[in-house]
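Asker: Below you'll find the structure I mean.
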Amino acid sequence: MNPLAQELAELIRQEGPLGVSRYMALCLGHPRHGYYMKQDPFGADGDFTTAPEISQVFGELIGLWAASVWQAMGMPASVRLIELGPGRGTLMQDMLRAAGALPGFRDALSVHLVETSPVLRERQRGTLAASDATPHWHDRIEQALEGPAIVIANEFLDALPLDQFVRTPEGWRERLVGLDGEGRLAFGLSGEPDASLAMTAPAGSLFEHPAAALEAVTIVARHVAAEGGAGLFIDYGPARSGFGDTLQALKRHAFVDVLAEPGDADLTVHVDFARMAQAGLAAGAAAHGAVSQRDFLLALGLQQRFEALCRRATPAQVETLAGGVGRLIETGPTAMGELFKVLAVAERNLPLLPGFDLHRLPEQG
């Protein structure tokens, strides 16, 4: 057992089994052994690769999206560009470079990053040092929100803890992390059913309650509805709600047992975009989408941006660009273009936001 597994085992002996949300929170955010607290997990040498690391085109298009939203807002003199879970700072770097395409936008915005990892904050500081922005870091979303805001969250919601419940003949019982007969971490169920859950489903069905993700979307939606702006959430998951276990662990770009290496493997879940959209609407915002990442990026002009870059690139650079762009929009149940969805929440008086009017999609040949 690694150090965090030993701590978790002792905690379970003292306090009893842990809910899945608490287990996830400790695995990812433990002050000493938490996954995001002690390492940079991104890129080929890490455990996974995100869209901004795959191609600069992704961040540039998101930056142009933000500029278009600012224009639709009436071009306020001051607006916060906020990123939730900004990784290495690559997405923000690319967004800021593209922001200069719309006169006045770059001067109007201030940069705010919501990041709890000291390791990643240093990476972000280094990445953004060459820009003329002065980033401000925050531990919580609420601290970053003030006045008109454009909030970007790429692969943020999937890392927020959730609880799981299993349908039994007696009702929905919470799935817990306890210890087996040999003292190892193991899944089990609560002794009593949860009377607050009344959904009907066959025995053995698993229901996930993403309270933290719903809260994050609600906070952003409530703010932009009142103060102006929009929030963009890009992540992997279904457009429609359903049952099933989506908790997964990733290490060295391969799936591993979610209980085997706590703190040493990334833990994520699929995002229920239908419920996120409902949360945004309930908070008073308009909801745009969800649409597939492929459709969203193509609607923003991915093909045109790719062709423009190719015109001044070497053959080797063109090959690299083509590989990255292709990966972003690739179709298939597990491919980024189809598995990843895009949802926006925005103040209600804004028009349909860029990327969501799929009737205007360019040719996709």
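Chains: A, B, ... in order of the structure tokens. Residues: from 1 per chain. Ligands: from 1, in order shown.
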Can you tell me which residues surround Val224 of chain A at a distance of at most 9 Å, considering only C-alpha atoms, apart from same-chain residues fewer than 5 positions away, and format the answer as an mmCIF file with C-alpha atoms, in the first residue's frame?
Answerer:
data_model
loop_
_atom_site.group_PDB
_atom_site.id
_atom_site.type_symbol
_atom_site.label_atom_id
_atom_site.label_comp_id
_atom_site.auth_asym_id
_atom_site.auth_seq_id
_atom_site.Cartn_x
_atom_site.Cartn_y
_atom_site.Cartn_z
ATOM 1 C CA GLY A 147 -18.388 41.971 -12.405
ATOM 2 C CA PRO A 148 -18.756 40.872 -16.048
ATOM 3 C CA ALA A 149 -16.947 37.572 -16.569
ATOM 4 C CA ILE A 150 -16.129 35.011 -19.220
ATOM 5 C CA ILE A 219 -22.134 29.386 -9.116
ATOM 6 C CA GLY A 229 -21.012 37.206 -19.330
ATOM 7 C CA ALA A 230 -20.879 33.496 -20.016
ATOM 8 C CA GLY A 231 -19.312 30.260 -18.832
ATOM 9 C CA GLY A 284 -31.286 31.999 -13.916
ATOM 10 C CA ALA A 285 -28.942 31.714 -16.897
ATOM 11 C CA VAL A 345 -24.348 29.173 -19.587
ATOM 12 C CA ALA A 346 -24.851 32.874 -20.179
ATOM 13 C CA GLU A 347 -26.820 35.973 -19.337
#
Asker: Please list as a list of chain:residue names every residue within 8 Å of Gly34 of chain A, counting only C-alpha atoms and excluding residues in the same chain fewer than 6 positions away.
Answerer: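 So the residues in contact are A:Leu4, A:Leu26, A:Cys27, A:Leu28, A:Gly263, A:Asp264.
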Asker: Go through A:Tyr35, A:Phe296, A:Trp172, A:Phe105 one by one, measure the shortest atom-to-atom distance of each to Ala66 of chain A using only C-alpha atoms, and give the residue with the smallest value.
Answerer: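 Of A:Tyr35, A:Phe296, A:Trp172, A:Phe105, the one nearest Ala66 of chain A is A:Phe105, counting only C-alpha atoms.
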Asker: What parts of segment 97-197 of chain A does DSSP call strand (DSSP E or B)? I'd like the answer as a PyMOL selection string.
Answerer: chain A and resi 109-114+136-138+149-154+163-168+171-179+185-189
Asker: If we count only C-alpha atoms, what is near Gly237 of chain A at a cut-off of 8 Å, once residues fewer than 5 positions away on the same chain are taken out, given as an MDAnalysis selection string?
Answerer: chainID A and resid 270:273 339:341
Asker: Do you know which residues are at most 8 Å from segment 182-192 of chain A counting only C-alpha atoms, after dropping those on the same chain fewer than 4 positions away, and could you put them as a list of chain:residue names?
Answerer: A:Ala5, A:Ala9, A:Val166, A:Arg173, A:Glu174, A:Arg175, A:Leu176, A:Val177, A:Gly178, A:Leu259, A:Ala260
Asker: Show me, as a PyMOL selection string, the residues that have an atom within 10 Å of Arg275 of chain A when counting only C-alpha atoms, minus same-chain residues fewer than 3 positions from it.
Answerer: chain A and resi 209-210+213-214+217+239-241+271-272+278-281
Asker: Could you take the residues named above and write them with N, CA, C and O atoms, as an mmCIF file, in the first residue's frame?
Answerer:
data_model
loop_
_atom_site.group_PDB
_atom_site.id
_atom_site.type_symbol
_atom_site.label_atom_id
_atom_site.label_comp_id
_atom_site.auth_asym_id
_atom_site.auth_seq_id
_atom_site.Cartn_x
_atom_site.Cartn_y
_atom_site.Cartn_z
ATOM 1 N N HIS A 209 -24.317 11.017 -8.266
ATOM 2 C CA HIS A 209 -24.811 12.343 -7.898
ATOM 3 C C HIS A 209 -23.628 13.315 -7.866
ATOM 4 O O HIS A 209 -22.864 13.338 -6.903
ATOM 5 N N PRO A 210 -23.459 14.129 -8.927
ATOM 6 C CA PRO A 210 -22.295 15.020 -9.036
ATOM 7 C C PRO A 210 -22.524 16.362 -8.339
ATOM 8 O O PRO A 210 -22.559 17.427 -8.983
ATOM 9 N N ALA A 213 -19.923 19.237 -9.092
ATOM 10 C CA ALA A 213 -19.999 19.780 -10.448
ATOM 11 C C ALA A 213 -21.243 20.640 -10.617
ATOM 12 O O ALA A 213 -21.200 21.717 -11.234
ATOM 13 N N LEU A 214 -22.376 20.180 -10.093
ATOM 14 C CA LEU A 214 -23.598 20.963 -10.171
ATOM 15 C C LEU A 214 -23.442 22.293 -9.445
ATOM 16 O O LEU A 214 -23.924 23.334 -9.922
ATOM 17 N N VAL A 217 -21.259 24.714 -11.677
ATOM 18 C CA VAL A 217 -22.034 25.288 -12.775
ATOM 19 C C VAL A 217 -23.036 26.306 -12.251
ATOM 20 O O VAL A 217 -23.226 27.380 -12.844
ATOM 21 N N ALA A 239 -24.594 13.525 -23.442
ATOM 22 C CA ALA A 239 -25.507 14.660 -23.552
ATOM 23 C C ALA A 239 -26.799 14.390 -22.795
ATOM 24 O O ALA A 239 -27.503 15.327 -22.408
ATOM 25 N N ARG A 240 -27.133 13.114 -22.580
ATOM 26 C CA ARG A 240 -28.350 12.728 -21.872
ATOM 27 C C ARG A 240 -28.010 11.990 -20.588
ATOM 28 O O ARG A 240 -27.019 11.262 -20.523
ATOM 29 N N SER A 241 -28.851 12.157 -19.588
ATOM 30 C CA SER A 241 -28.628 11.503 -18.296
ATOM 31 C C SER A 241 -28.896 10.003 -18.393
ATOM 32 O O SER A 241 -29.675 9.549 -19.229
ATOM 33 N N VAL A 271 -19.124 13.574 -17.239
ATOM 34 C CA VAL A 271 -19.986 14.698 -16.871
ATOM 35 C C VAL A 271 -21.373 14.490 -17.469
ATOM 36 O O VAL A 271 -21.510 14.208 -18.666
ATOM 37 N N ASP A 272 -22.402 14.636 -16.639
ATOM 38 C CA ASP A 272 -23.794 14.534 -17.080
ATOM 39 C C ASP A 272 -24.221 15.921 -17.569
ATOM 40 O O ASP A 272 -24.656 16.766 -16.783
ATOM 41 N N GLN A 278 -29.454 21.856 -16.792
ATOM 42 C CA GLN A 278 -30.584 22.122 -15.910
ATOM 43 C C GLN A 278 -30.165 22.997 -14.735
ATOM 44 O O GLN A 278 -30.905 23.891 -14.311
ATOM 45 N N ALA A 279 -28.958 22.753 -14.207
ATOM 46 C CA ALA A 279 -28.454 23.565 -13.100
ATOM 47 C C ALA A 279 -28.273 25.016 -13.538
ATOM 48 O O ALA A 279 -28.579 25.952 -12.789
ATOM 49 N N GLY A 280 -27.761 25.211 -14.752
ATOM 50 C CA GLY A 280 -27.589 26.569 -15.263
ATOM 51 C C GLY A 280 -28.917 27.286 -15.418
ATOM 52 O O GLY A 280 -29.049 28.469 -15.044
ATOM 53 N N LEU A 281 -29.907 26.593 -15.945
ATOM 54 C CA LEU A 281 -31.231 27.189 -16.122
ATOM 55 C C LEU A 281 -31.862 27.528 -14.768
ATOM 56 O O LEU A 281 -32.457 28.596 -14.593
#
Asker: Counting only C-alpha atoms, figure out which residue out of A:Leu300, A:Ala283, A:Leu11, A:Val318 gets nearest to Tyr23 of chain A.
Answerer: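 For Tyr23 of chain A, the nearest of the candidates is A:Leu11.
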Asker: I'd like the neighbourhood of segment 77-90 of chain A as a list of chain:residue names, where a residue qualifies if any of its atoms comes within 6 Å (using only C-alpha atoms), though same-chain residues fewer than 4 positions away should be ignored.
Answerer: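 My reading of the contact set: A:Ala108, A:Leu109, A:Ser110, A:Val111, A:His112, A:Leu113, A:Val114, A:Glu115, A:Arg123, A:Gln124, A:Thr127, A:Pro148, A:Ala149, A:Ile150, A:Val151, A:Ile152, A:Ala153, A:Phe156.
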Asker: As a list in words, list the residues of segment 305-338 of chain A assigned to alpha helix (DSSP H) by DSSP on the backbone atoms of this structure.
Answerer: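 The alpha helix (DSSP H) residues within segment 305-338 of chain A come out as Arg305, Phe306, Glu307, Ala308, Leu309, Cys310, Pro315, Ala316, Gln317, Val318, Glu319, Thr320, Leu321, Ala322, Gly323, Gly324, Val325, Gly326, Arg327, Leu328, Ile329, Met336, Gly337 and Glu338 of chain A.
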Asker: Of the candidates A:Met24, A:Leu353, A:Met276, A:Pro315, which one gets nearest to Ala249 of chain A if we count only C-alpha atoms?
Answerer: A:Met24
Asker: Point out the residue among A:Leu206, A:Leu157, A:Ala287, A:Ala265 with the least atom-to-atom distance to Asn2 of chain A, counting only C-alpha atoms.
Answerer: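 So, comparing all the options, the nearest one is A:Ala265.
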Asker: Skip Phe58 of chain A itself and residues of its chain fewer than 4 positions away, then list as a ChimeraX atom specification all residues within 12 Å of it, counting only C-alpha atoms.
Answerer: /A:50-54,62-65,90-95,98,154,234,293-294,296-298,300-303,305-306,321,324-329,337
Asker: So which one's closest to Asp235 of chain A, A:Gly171, A:Glu155, A:Leu267, A:Ile12? Using only C-alpha atoms, please.
Answerer: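 The closest residue to Asp235 of chain A is A:Glu155.
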